[in-house]
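Each remark here refers to the structure printed beneath this line.
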Amino acid sequence: QVQLVESGGGLVQAGGSLRLSCAASGSIFSITAMGWYRHAPGKQRELVATITNTGITNYATSVYGRFTVSRDVAKNTVRLQMTSLKPEDTAVYYCNVRTFIAPYDYWGQGTQVTVSS
């Protein structure tokens with residue numbers, strides 16, 4: 001089992017910045033990738049950014065160039081630095097961890113990010 005604890009998020013004006021963090025504990029040896037998804041009202045949950053154990057990153061087109069995902073392997077933490085935030089970035093952001101053993105997917109409790117115009 002992997003446990004995830006998220007922090008960060010909040011309310012920010014358009015153009016501002018926020019940083020999200022997610023700390024993993026438990027069966028961390030099984031982690032193959034970490035990242036972030038978001039769920040906005042009336043929309044499906046979507047990928048924001050992920051990073052593999054080898055440092056390969058993947059970003060949603062809508063956040064490319066504005067968000068940066070990073071991983072602190074020693075602290076088993078993944079971070080999402082968000083800059084130039086837009087109102088359309090408003091959503092609940094969820095930390096996600098992929099593992100090579102079942103159940104293969106773990107989710108954090110979610111943290112609200114609200115960007116005011």
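By order in the structure tokens, chains are A, B, ...; within a chain, residues start at 1; ligands start at 1, following the order shown.
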
Extract, using only C-alpha atoms, all DNA, RNA and protein residues at most 10 Å from A:Arg45, discarding same-chain residues fewer than 5 positions from it, and format them as a short mmCIF file (atom, residue, chain, number, x, y, z; two decimals) with all heavy atoms, in the first residue's frame.
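Result file is selection16.cif:
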```cif
data_model
loop_
_atom_site.label_atom_id
_atom_site.label_comp_id
_atom_site.auth_asym_id
_atom_site.auth_seq_id
_atom_site.Cartn_x
_atom_site.Cartn_y
_atom_site.Cartn_z
N TYR A 37 -3.34 15.10 -11.48
CA TYR A 37 -4.52 15.20 -12.31
C TYR A 37 -5.42 16.27 -11.70
O TYR A 37 -5.22 16.66 -10.55
CB TYR A 37 -5.28 13.87 -12.36
CG TYR A 37 -4.59 12.81 -13.17
CD1 TYR A 37 -3.40 12.23 -12.75
CD2 TYR A 37 -5.14 12.38 -14.39
CE1 TYR A 37 -2.77 11.25 -13.50
CE2 TYR A 37 -4.52 11.40 -15.14
CZ TYR A 37 -3.34 10.84 -14.69
OH TYR A 37 -2.71 9.88 -15.45
N ARG A 38 -6.39 16.75 -12.46
CA ARG A 38 -7.32 17.72 -11.92
C ARG A 38 -8.74 17.44 -12.40
O ARG A 38 -8.94 16.84 -13.46
CB ARG A 38 -6.91 19.15 -12.28
CG ARG A 38 -6.96 19.49 -13.76
CD ARG A 38 -6.37 20.88 -14.00
NE ARG A 38 -6.43 21.25 -15.41
CZ ARG A 38 -5.85 22.35 -15.90
NH1 ARG A 38 -5.17 23.17 -15.09
NH2 ARG A 38 -5.96 22.62 -17.18
N HIS A 39 -9.69 17.89 -11.59
CA HIS A 39 -11.09 17.68 -11.90
C HIS A 39 -11.83 18.99 -11.66
O HIS A 39 -11.94 19.45 -10.51
CB HIS A 39 -11.66 16.57 -11.01
CG HIS A 39 -13.01 16.13 -11.41
ND1 HIS A 39 -13.77 15.27 -10.65
CD2 HIS A 39 -13.77 16.41 -12.50
CE1 HIS A 39 -14.92 15.06 -11.24
NE2 HIS A 39 -14.93 15.74 -12.37
N ALA A 40 -12.29 19.58 -12.75
CA ALA A 40 -13.05 20.82 -12.67
C ALA A 40 -14.54 20.50 -12.75
O ALA A 40 -14.93 19.49 -13.38
CB ALA A 40 -12.65 21.76 -13.80
N ALA A 91 -9.71 23.99 -10.19
CA ALA A 91 -10.10 22.58 -10.13
C ALA A 91 -9.63 22.00 -8.81
O ALA A 91 -8.87 22.65 -8.07
CB ALA A 91 -9.49 21.79 -11.28
N VAL A 92 -10.07 20.78 -8.54
CA VAL A 92 -9.47 20.00 -7.46
C VAL A 92 -8.32 19.21 -8.08
O VAL A 92 -8.53 18.50 -9.08
CB VAL A 92 -10.49 19.04 -6.82
CG1 VAL A 92 -9.81 18.21 -5.73
CG2 VAL A 92 -11.65 19.84 -6.22
N TYR A 93 -7.16 19.36 -7.51
CA TYR A 93 -5.97 18.70 -8.01
C TYR A 93 -5.68 17.46 -7.16
O TYR A 93 -5.65 17.53 -5.94
CB TYR A 93 -4.78 19.65 -7.99
CG TYR A 93 -4.84 20.66 -9.10
CD1 TYR A 93 -5.81 21.67 -9.11
CD2 TYR A 93 -3.93 20.63 -10.16
CE1 TYR A 93 -5.88 22.59 -10.15
CE2 TYR A 93 -3.99 21.55 -11.20
CZ TYR A 93 -4.97 22.53 -11.18
OH TYR A 93 -5.03 23.44 -12.21
N TYR A 94 -5.42 16.35 -7.86
CA TYR A 94 -5.19 15.07 -7.19
C TYR A 94 -3.79 14.56 -7.50
O TYR A 94 -3.38 14.52 -8.67
CB TYR A 94 -6.20 14.03 -7.65
CG TYR A 94 -7.62 14.32 -7.26
CD1 TYR A 94 -8.46 15.06 -8.09
CD2 TYR A 94 -8.13 13.85 -6.05
CE1 TYR A 94 -9.77 15.32 -7.73
CE2 TYR A 94 -9.44 14.11 -5.68
CZ TYR A 94 -10.25 14.85 -6.52
OH TYR A 94 -11.55 15.11 -6.16
#
```

| query | Leaving out A:Gly55 and any residue of its chain fewer than 6 positions from it, which residues lie within 10 Å of it when counting only C-alpha atoms, given as JSON, numbers by chain? | reply | {"A": [33, 69, 70, 71]}

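Nearest residue to A:Val73, choosing from A:Asn96, A:Ser7, A:Thr50, A:Ile31 and counting only C-alpha atoms: A:Ile31.
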
| request: Measuring atom to atom with only C-alpha atoms, identify which of A:Gln3, A:Ser17, A:Ser117, A:Asn53 is nearest to A:Cys95. | output: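 Of A:Gln3, A:Ser17, A:Ser117, A:Asn53, the one nearest A:Cys95, counting only C-alpha atoms, is A:Gln3.
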
| task | Check the smallest atom-to-atom distance from each of A:Asn58, A:Thr68, A:Thr77, A:Thr99 to A:Thr32 using only C-alpha atoms, then report the winner. | result | A:Thr99
